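Chemist: Got a structure here, written out as structure tokens. Questions coming.
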Amino acid sequence: MRSNSRWRRVGLVAAPVALAMAVGTAVVGGQAVAAPAPITTAGDPPPVAALPAARAVEPKVEREALGAPAPSPDSGNARQASSPDPLKLVAVSWTGPTPDLIELRSRLANGAFGAWTRVDPVDAERDGRRAAFASSEPVWVADSREVQVRAVDDGAPATQRVALTSIDPATTSNDARATAASTSSPGLPKVVTRAQWGADEKLMTWPPEYTPTVRAVTIHHTAGTNAYTAADSAAIVRGIYAYHAKTLGWGDIGYNVLVDRFGTVFEGRKGGLERPVIAAHAGGFNRETFGIGMMGDFTSVAPPAAQLEATAKLAAYKLGGLYRDPKATVTLTSAGGGTSKYPAGRTVTLPTVFAHRDVGATECPGNTGVKSMPAIRDRTAALVGNLATNPIRTKWLAMRGVLGEPSVVEGPTGQGARVTRFSGSNGSVYWSSTTGAWSVIGEINKRYDAVGAASSPIGLPRTDERTAPDGRGRYNQFATGSIYWTPQTGAWPVRGAILSTWTAAGSERSAYGYPRSDQYAVSGGVRQDFERGSLFLPSGASTARRV
């Protein structure tokens, strides 16, 4: 047991475990348990964008062996943990081979133990780094102070190999307010950011890593109770974050995003929802996939409609923005390890939207979660719409050999245009209704970004990159200027009256040659340097002159 004061000791005794449930009934694991309580708020919650950053809190975590066998006649080989304080979020870990069955239950507010809930093993590693020990996904037990765990392996009791981890996520000022109504567009739903749900970024020791693209979406359930309230959701996310980042040693949360049963979306793995960041959600298949964790246990209870809708919107945002067909298939190569069903190097053909159990030795996302997969795919496809009419996609397909794969989800530029970034040749494609879709690649694209891209003085591109007439350089034309590049001079924009004077003189074949600087302010006007001289534009003048 660690003596660090940040960690809360959990007293462990012999007795059973029950999941804290709300009032009402539902059938879970063949038993009647409490159904999810309806969301209630005191007035309308503020928009997510209006939420300030929450005070970052470091969850308290403790791992300890379970106590002696429980004496309850219905507990089987269970052992029990108890605590004077609410246990909140708990996980099960073990030594040796993963038991065939691990179940957990907690004592309810009425004094009885709830239904036994099966817990799934979490992947034993993120790509390239094994977890500190074999463990389950964490389970929300709310304010329960007693938890029972039992395990069976090859028909024999295995509970003696099991330990319990308790995670207290603490509270923040945003917990009761971080609820967001789903949007009606196929774009990104409102998201509760890491800052807003109170992520302690000191726990984030895995700097973001990226793959060239995302080809598929993986659907998960986090397991545990379905009876949490809206005010519990942010705390559950903080607990999972601390457990994945600190206890398992991954350095961050495993899921790219999480969706609670009310349809609220929480940012997961750090690195930008629009970029292809590598997470740790499906061992062997963490690359080129986007992991959505539906918060709850969908073994016997179906995900709520709001949760399914938000999940489909997230999938549509990621897949549609990268021009992937949600109802197609995709071929991925396993990296092996973890709970992967496939050894390293094996290629596997999967639905573009697939369940975790399709690639892992797990029940995730539960039997009813799997039954919801066709509905998720159908809704995702409906939100994506007809990709064939997308002009940026059309340009990409025509230049795929140069552009590579779509990397950053298509989005607005703020100038009435849209842009998608690609993995090859540092390329981007910009589109507007007035200019059409054009690519900008390589060093010219780097310079375009440096001067402000679509919001720069030269505006949107009006051509793809071309070879200059002298055959030595390359250029793109933009709305109000051009960018020229050679290996000797680099890439520089030319615009306005200086461009007019340079063009009239013969452009790159003139006495000036190629530009080797941007325009810069000097006394009495602006100047731009070229290979063999400079042009000066006096303030208020319409014609530049050589200096």
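Note on naming: chains are A, B, ... as they come in the structure tokens, residues start from 1 per chain, ligands start from 1 in the order shown.
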When you look at Tyr243 in chain A with a cut-off of 12 Å (counting only C-alpha atoms), what residues show up, excluding the ones that are within fewer than 6 positions of it in the same chain? I need them as a ChimeraX atom specification.
Modeler: /A:58-63,89-93,122,131-133,135-139,165-169,203-204,236-237,249-254
Chemist: From range 209-344 of chain A, collect each residue whose DSSP state is strand (DSSP E) and return the set as a ChimeraX atom specification.
Modeler: /A:216-221,257-259,265-267,289-294,329-333
Chemist: Using only C-alpha atoms, which protein or nucleic acid residues come within 12 Å of Pro374 in chain A? Drop anything in the same chain fewer than 2 positions from it, and give the result as a list of chain:residue names.
Modeler: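 The residues satisfying every condition are A:Ile219, A:Leu308, A:Ala312, A:Pro326, A:Lys327, A:Pro351, A:Thr352, A:Val353, A:Phe354, A:Ala355, A:Thr368, A:Gly369, A:Val370, A:Lys371, A:Ser372, A:Ile376, A:Arg377, A:Asp378, A:Arg379, A:Thr380, A:Ala381.
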Chemist: With a distance cut-off of 7 Å and only C-alpha atoms, select the neighbouring residues of Gly336 in chain A, excluding the residue or stretch itself and same-chain residues fewer than 4 positions from it, and output the selection as a list in words.
Modeler: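 Using only C-alpha atoms, the neighbours found are Gly283, Gly284, Ser340, Tyr342, Pro343 and Ala344 of chain A.
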Chemist: Pick from A:Glu465, A:Asp297, A:Asp529, A:Glu267: nearest to Thr193 in chain A, with only C-alpha atoms counted?
Modeler: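 Going through A:Glu465, A:Asp297, A:Asp529, A:Glu267 one by one, the smallest distance to Thr193 in chain A is for A:Glu267.
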Chemist: Neighbours of range 482-495 of chain A within 6 Å (only C-alpha atoms; same-chain residues fewer than 3 positions away dropped), as a list in words?
Modeler: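 Here the qualifying residues turn out to be Ile444, Gly473, Arg474, Tyr475, Asn476, Gln477, Phe478, Leu499, Arg516, Ser517 and Asp518 of chain A.
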Chemist: Would you export the selected residues with all heavy atoms as a short mmCIF file (atom, residue, chain, number, x, y, z; two decimals), in the first residue's frame, please?
Modeler:
```cif
data_model
loop_
_atom_site.label_atom_id
_atom_site.label_comp_id
_atom_site.auth_asym_id
_atom_site.auth_seq_id
_atom_site.Cartn_x
_atom_site.Cartn_y
_atom_site.Cartn_z
N ILE A 444 5.39 25.16 -50.81
CA ILE A 444 4.44 26.25 -51.04
C ILE A 444 3.33 26.20 -50.00
O ILE A 444 2.89 27.24 -49.48
CB ILE A 444 3.88 26.18 -52.48
CG1 ILE A 444 5.00 26.52 -53.48
CG2 ILE A 444 2.69 27.12 -52.66
CD1 ILE A 444 4.57 26.46 -54.93
N GLY A 473 11.36 26.50 -61.38
CA GLY A 473 10.61 26.63 -60.14
C GLY A 473 9.19 26.11 -60.25
O GLY A 473 8.76 25.58 -61.28
N ARG A 474 8.44 26.29 -59.16
CA ARG A 474 7.04 25.88 -59.09
C ARG A 474 6.24 27.04 -58.50
O ARG A 474 6.79 27.90 -57.78
CB ARG A 474 6.87 24.65 -58.17
CG ARG A 474 7.80 23.48 -58.48
CD ARG A 474 7.29 22.60 -59.57
NE ARG A 474 6.02 21.96 -59.25
CZ ARG A 474 5.31 21.26 -60.12
NH1 ARG A 474 5.76 21.10 -61.37
NH2 ARG A 474 4.17 20.69 -59.79
N TYR A 475 4.94 27.06 -58.79
CA TYR A 475 4.12 28.15 -58.23
C TYR A 475 2.65 27.72 -58.12
O TYR A 475 2.18 26.81 -58.79
CB TYR A 475 4.23 29.41 -59.09
CG TYR A 475 3.52 29.32 -60.43
CD1 TYR A 475 2.25 29.88 -60.62
CD2 TYR A 475 4.11 28.67 -61.51
CE1 TYR A 475 1.59 29.80 -61.85
CE2 TYR A 475 3.47 28.59 -62.74
CZ TYR A 475 2.21 29.15 -62.90
OH TYR A 475 1.57 29.07 -64.10
N ASN A 476 1.93 28.39 -57.24
CA ASN A 476 0.46 28.36 -57.15
C ASN A 476 -0.05 29.77 -57.32
O ASN A 476 0.53 30.72 -56.76
CB ASN A 476 -0.02 27.87 -55.79
CG ASN A 476 -0.19 26.38 -55.70
OD1 ASN A 476 0.77 25.65 -55.58
ND2 ASN A 476 -1.45 25.93 -55.72
N GLN A 477 -1.15 29.90 -58.04
CA GLN A 477 -1.84 31.19 -58.10
C GLN A 477 -2.96 31.20 -57.07
O GLN A 477 -3.65 30.19 -56.88
CB GLN A 477 -2.41 31.44 -59.49
CG GLN A 477 -1.35 31.68 -60.55
CD GLN A 477 -1.94 31.97 -61.91
OE1 GLN A 477 -3.09 31.66 -62.18
NE2 GLN A 477 -1.14 32.56 -62.79
N PHE A 478 -3.13 32.36 -56.43
CA PHE A 478 -4.16 32.54 -55.42
C PHE A 478 -5.05 33.71 -55.84
O PHE A 478 -4.83 34.34 -56.88
CB PHE A 478 -3.51 32.79 -54.05
CG PHE A 478 -2.71 31.60 -53.57
CD1 PHE A 478 -1.40 31.41 -53.99
CD2 PHE A 478 -3.27 30.67 -52.72
CE1 PHE A 478 -0.66 30.31 -53.57
CE2 PHE A 478 -2.55 29.57 -52.28
CZ PHE A 478 -1.24 29.38 -52.71
N LEU A 499 3.64 42.53 -57.42
CA LEU A 499 3.38 41.43 -58.34
C LEU A 499 3.13 41.98 -59.76
O LEU A 499 3.66 41.43 -60.74
CB LEU A 499 2.18 40.61 -57.87
CG LEU A 499 1.68 39.52 -58.83
CD1 LEU A 499 2.76 38.47 -59.10
CD2 LEU A 499 0.41 38.85 -58.28
N ARG A 516 12.91 36.11 -53.03
CA ARG A 516 13.62 35.43 -51.94
C ARG A 516 13.28 36.04 -50.57
O ARG A 516 13.97 35.82 -49.59
CB ARG A 516 15.13 35.45 -52.17
CG ARG A 516 15.76 36.81 -52.32
CD ARG A 516 17.26 36.67 -52.60
NE ARG A 516 17.94 37.95 -52.78
CZ ARG A 516 18.44 38.69 -51.77
NH1 ARG A 516 18.34 38.26 -50.51
NH2 ARG A 516 19.03 39.83 -52.03
N SER A 517 12.19 36.78 -50.55
CA SER A 517 11.64 37.27 -49.27
C SER A 517 10.17 37.60 -49.49
O SER A 517 9.70 37.68 -50.63
CB SER A 517 12.38 38.51 -48.77
OG SER A 517 11.94 39.68 -49.48
N ASP A 518 9.46 37.80 -48.42
CA ASP A 518 8.12 38.37 -48.48
C ASP A 518 8.27 39.89 -48.50
O ASP A 518 9.37 40.43 -48.36
CB ASP A 518 7.32 37.91 -47.25
CG ASP A 518 5.81 38.08 -47.41
OD1 ASP A 518 5.37 38.70 -48.41
OD2 ASP A 518 5.07 37.59 -46.54
#
```
Chemist: Identify, with DSSP run on backbone atoms, the residues in range 206-257 of chain A assigned to alpha helix (DSSP H), and express the list as a ChimeraX atom specification.
Modeler: /A:233-242
Chemist: Hey, can you spit out that residue selection with C-alpha atoms as a compact mmCIF listing (two decimals), in the first residue's frame?
Modeler:
```
# COMPACT_ATOMS: atom_id res chain seq x y z
CA SER A 233 -20.44 11.71 -16.06
CA ALA A 234 -17.46 14.06 -15.84
CA ALA A 235 -16.28 12.33 -12.68
CA ILE A 236 -16.48 8.94 -14.40
CA VAL A 237 -14.37 10.29 -17.26
CA ARG A 238 -11.80 11.68 -14.80
CA GLY A 239 -11.66 8.34 -13.05
CA ILE A 240 -11.13 6.40 -16.28
CA TYR A 241 -8.46 8.91 -17.28
CA ALA A 242 -6.54 8.50 -14.02
```
Chemist: For Gly442 in chain A, work out the shell of residues within 9 Å, counting only C-alpha atoms and skipping chain neighbours fewer than 2 positions away, then give it as a list in words.
Modeler: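 Within the cut-off, the hits are Gly424, Ser425, Asn426, Gly427, Val440, Ile444, Asn445, Lys446 and Arg447 of chain A.
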Chemist: Those residues with all heavy atoms, as an mmCIF file, in the first residue's frame please?
Modeler:
```cif
data_model
loop_
_atom_site.group_PDB
_atom_site.id
_atom_site.type_symbol
_atom_site.label_atom_id
_atom_site.label_comp_id
_atom_site.auth_asym_id
_atom_site.auth_seq_id
_atom_site.Cartn_x
_atom_site.Cartn_y
_atom_site.Cartn_z
ATOM 1 N N GLY A 424 0.387 13.123 -47.313
ATOM 2 C CA GLY A 424 1.517 13.085 -48.225
ATOM 3 C C GLY A 424 1.899 14.466 -48.738
ATOM 4 O O GLY A 424 1.046 15.330 -48.939
ATOM 5 N N SER A 425 3.191 14.711 -48.922
ATOM 6 C CA SER A 425 3.700 15.950 -49.535
ATOM 7 C C SER A 425 3.221 17.206 -48.824
ATOM 8 O O SER A 425 3.130 18.268 -49.439
ATOM 9 C CB SER A 425 3.300 16.023 -51.015
ATOM 10 O OG SER A 425 3.827 14.924 -51.719
ATOM 11 N N ASN A 426 2.902 17.091 -47.538
ATOM 12 C CA ASN A 426 2.444 18.267 -46.793
ATOM 13 C C ASN A 426 1.367 19.001 -47.581
ATOM 14 O O ASN A 426 1.439 20.196 -47.838
ATOM 15 C CB ASN A 426 3.613 19.207 -46.501
ATOM 16 C CG ASN A 426 3.227 20.351 -45.585
ATOM 17 O OD1 ASN A 426 2.486 20.154 -44.622
ATOM 18 N ND2 ASN A 426 3.705 21.546 -45.883
ATOM 19 N N GLY A 427 0.325 18.267 -47.975
ATOM 20 C CA GLY A 427 -0.670 18.816 -48.874
ATOM 21 C C GLY A 427 -1.973 19.193 -48.217
ATOM 22 O O GLY A 427 -2.365 18.628 -47.193
ATOM 23 N N VAL A 440 -2.738 22.644 -52.543
ATOM 24 C CA VAL A 440 -1.497 23.373 -52.250
ATOM 25 C C VAL A 440 -0.605 22.364 -51.542
ATOM 26 O O VAL A 440 -1.019 21.773 -50.541
ATOM 27 C CB VAL A 440 -1.733 24.599 -51.353
ATOM 28 C CG1 VAL A 440 -0.493 25.487 -51.312
ATOM 29 C CG2 VAL A 440 -2.939 25.404 -51.819
ATOM 30 N N ILE A 444 5.391 25.155 -50.805
ATOM 31 C CA ILE A 444 4.439 26.246 -51.042
ATOM 32 C C ILE A 444 3.330 26.198 -50.000
ATOM 33 O O ILE A 444 2.892 27.235 -49.479
ATOM 34 C CB ILE A 444 3.883 26.177 -52.481
ATOM 35 C CG1 ILE A 444 4.999 26.521 -53.479
ATOM 36 C CG2 ILE A 444 2.691 27.116 -52.663
ATOM 37 C CD1 ILE A 444 4.574 26.459 -54.934
ATOM 38 N N ASN A 445 2.866 24.999 -49.652
ATOM 39 C CA ASN A 445 1.837 24.874 -48.620
ATOM 40 C C ASN A 445 2.361 25.324 -47.259
ATOM 41 O O ASN A 445 1.645 25.973 -46.485
ATOM 42 C CB ASN A 445 1.337 23.431 -48.556
ATOM 43 C CG ASN A 445 0.076 23.304 -47.726
ATOM 44 O OD1 ASN A 445 -0.825 24.133 -47.811
ATOM 45 N ND2 ASN A 445 0.016 22.274 -46.900
ATOM 46 N N LYS A 446 3.603 25.004 -46.955
ATOM 47 C CA LYS A 446 4.182 25.457 -45.690
ATOM 48 C C LYS A 446 4.203 26.984 -45.623
ATOM 49 O O LYS A 446 3.886 27.585 -44.602
ATOM 50 C CB LYS A 446 5.597 24.908 -45.526
ATOM 51 C CG LYS A 446 5.677 23.423 -45.255
ATOM 52 C CD LYS A 446 7.134 22.994 -45.093
ATOM 53 C CE LYS A 446 7.260 21.498 -44.870
ATOM 54 N NZ LYS A 446 8.678 21.083 -44.755
ATOM 55 N N ARG A 447 4.600 27.616 -46.740
ATOM 56 C CA ARG A 447 4.632 29.081 -46.747
ATOM 57 C C ARG A 447 3.235 29.657 -46.663
ATOM 58 O O ARG A 447 3.002 30.654 -45.971
ATOM 59 C CB ARG A 447 5.340 29.574 -48.020
ATOM 60 C CG ARG A 447 5.410 31.099 -48.133
ATOM 61 C CD ARG A 447 6.149 31.728 -46.970
ATOM 62 N NE ARG A 447 7.528 31.231 -46.902
ATOM 63 C CZ ARG A 447 8.365 31.505 -45.906
ATOM 64 N NH1 ARG A 447 7.961 32.248 -44.887
ATOM 65 N NH2 ARG A 447 9.601 31.017 -45.915
#
```
Chemist: When you look at Phe285 in chain A with a cut-off of 10 Å (counting only C-alpha atoms), what residues show up, excluding the ones that are within fewer than 6 positions of it in the same chain? I need them as an mmCIF file with N, CA, C and O atoms, in the first residue's frame.
Modeler:
```cif
data_model
loop_
_atom_site.group_PDB
_atom_site.id
_atom_site.type_symbol
_atom_site.label_atom_id
_atom_site.label_comp_id
_atom_site.auth_asym_id
_atom_site.auth_seq_id
_atom_site.Cartn_x
_atom_site.Cartn_y
_atom_site.Cartn_z
ATOM 1 N N ARG A 126 -1.009 -0.467 -24.418
ATOM 2 C CA ARG A 126 -1.168 0.406 -25.568
ATOM 3 C C ARG A 126 -0.029 0.032 -26.497
ATOM 4 O O ARG A 126 0.942 -0.602 -26.090
ATOM 5 N N ASP A 127 -0.142 0.372 -27.742
ATOM 6 C CA ASP A 127 0.873 -0.047 -28.693
ATOM 7 C C ASP A 127 2.263 0.340 -28.193
ATOM 8 O O ASP A 127 2.570 1.514 -28.011
ATOM 9 N N ALA A 216 -11.225 3.774 -39.844
ATOM 10 C CA ALA A 216 -12.372 3.089 -39.251
ATOM 11 C C ALA A 216 -12.662 3.644 -37.866
ATOM 12 O O ALA A 216 -11.808 4.281 -37.236
ATOM 13 N N THR A 218 -14.082 2.431 -34.028
ATOM 14 C CA THR A 218 -14.287 1.296 -33.138
ATOM 15 C C THR A 218 -15.267 1.696 -32.043
ATOM 16 O O THR A 218 -15.073 2.725 -31.381
ATOM 17 N N ILE A 278 -3.186 8.584 -32.136
ATOM 18 C CA ILE A 278 -3.212 7.185 -31.710
ATOM 19 C C ILE A 278 -3.696 7.119 -30.273
ATOM 20 O O ILE A 278 -3.185 7.819 -29.401
ATOM 21 N N ALA A 279 -4.684 6.271 -30.022
ATOM 22 C CA ALA A 279 -5.181 6.076 -28.664
ATOM 23 C C ALA A 279 -4.830 4.648 -28.209
ATOM 24 O O ALA A 279 -3.972 3.990 -28.786
ATOM 25 N N GLY A 291 -11.571 5.524 -31.505
ATOM 26 C CA GLY A 291 -12.313 4.772 -30.497
ATOM 27 C C GLY A 291 -13.341 5.608 -29.774
ATOM 28 O O GLY A 291 -13.009 6.607 -29.132
ATOM 29 N N LEU A 332 -7.342 -3.675 -42.237
ATOM 30 C CA LEU A 332 -6.379 -3.175 -41.262
ATOM 31 C C LEU A 332 -5.379 -4.278 -40.941
ATOM 32 O O LEU A 332 -5.692 -5.467 -41.039
ATOM 33 N N THR A 333 -4.195 -3.888 -40.508
ATOM 34 C CA THR A 333 -3.151 -4.846 -40.145
ATOM 35 C C THR A 333 -2.941 -4.824 -38.648
ATOM 36 O O THR A 333 -2.692 -3.762 -38.061
ATOM 37 N N SER A 334 -3.046 -5.986 -38.010
ATOM 38 C CA SER A 334 -2.911 -6.071 -36.563
ATOM 39 C C SER A 334 -1.473 -5.813 -36.134
ATOM 40 O O SER A 334 -0.521 -6.264 -36.777
ATOM 41 N N ALA A 335 -1.341 -5.071 -35.033
ATOM 42 C CA ALA A 335 -0.039 -4.890 -34.398
ATOM 43 C C ALA A 335 0.189 -5.942 -33.322
ATOM 44 O O ALA A 335 1.244 -5.959 -32.681
ATOM 45 N N GLY A 336 -0.823 -6.815 -33.089
ATOM 46 C CA GLY A 336 -0.697 -7.860 -32.090
ATOM 47 C C GLY A 336 -0.733 -7.304 -30.677
ATOM 48 O O GLY A 336 -0.986 -6.128 -30.441
ATOM 49 N N GLY A 337 -0.474 -8.168 -29.699
ATOM 50 C CA GLY A 337 -0.415 -7.750 -28.309
ATOM 51 C C GLY A 337 -1.781 -7.474 -27.727
ATOM 52 O O GLY A 337 -2.815 -7.663 -28.361
ATOM 53 N N GLY A 338 -1.786 -6.998 -26.495
ATOM 54 C CA GLY A 338 -3.035 -6.668 -25.820
ATOM 55 C C GLY A 338 -3.986 -7.839 -25.805
ATOM 56 O O GLY A 338 -3.601 -8.999 -25.624
ATOM 57 N N SER A 340 -5.717 -8.515 -28.467
ATOM 58 C CA SER A 340 -5.997 -8.681 -29.893
ATOM 59 C C SER A 340 -6.298 -10.137 -30.231
ATOM 60 O O SER A 340 -5.634 -11.050 -29.766
ATOM 61 N N TYR A 342 -5.877 -11.189 -33.169
ATOM 62 C CA TYR A 342 -5.063 -11.481 -34.339
ATOM 63 C C TYR A 342 -3.589 -11.185 -34.053
ATOM 64 O O TYR A 342 -3.264 -10.179 -33.425
ATOM 65 N N ALA A 344 0.383 -10.147 -34.704
ATOM 66 C CA ALA A 344 0.994 -9.027 -35.416
ATOM 67 C C ALA A 344 1.232 -9.399 -36.874
ATOM 68 O O ALA A 344 1.696 -10.494 -37.193
ATOM 69 N N HIS A 356 -15.604 -3.466 -30.820
ATOM 70 C CA HIS A 356 -14.325 -3.853 -30.230
ATOM 71 C C HIS A 356 -14.132 -5.368 -30.259
ATOM 72 O O HIS A 356 -13.039 -5.860 -30.540
ATOM 73 N N VAL A 359 -12.223 -7.349 -33.004
ATOM 74 C CA VAL A 359 -10.766 -7.453 -33.076
ATOM 75 C C VAL A 359 -10.129 -7.885 -31.766
ATOM 76 O O VAL A 359 -8.926 -8.179 -31.733
ATOM 77 N N GLY A 360 -10.896 -7.916 -30.672
ATOM 78 C CA GLY A 360 -10.330 -8.234 -29.370
ATOM 79 C C GLY A 360 -11.045 -9.361 -28.659
ATOM 80 O O GLY A 360 -12.230 -9.628 -28.899
#
```
Chemist: Counting only C-alpha atoms, which residue out of A:Arg546, A:Arg177, A:His244, A:Arg79 sits closest to Val147 in chain A?
Modeler: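 So, comparing all the options, the nearest one is A:Arg79.
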Chemist: Would you compute the distance between CA of Glu363 in chain A and CA of Tyr255 in chain A? Give it in Å to one decimal.
Modeler: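 These atoms are spaced 16.7 Å apart.
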Chemist: So the first atom is CA of Ala497 in chain A and the second is CA of Ala521 in chain A; what is the distance between them in Å, to one decimal place?
Modeler: 14.4 Å
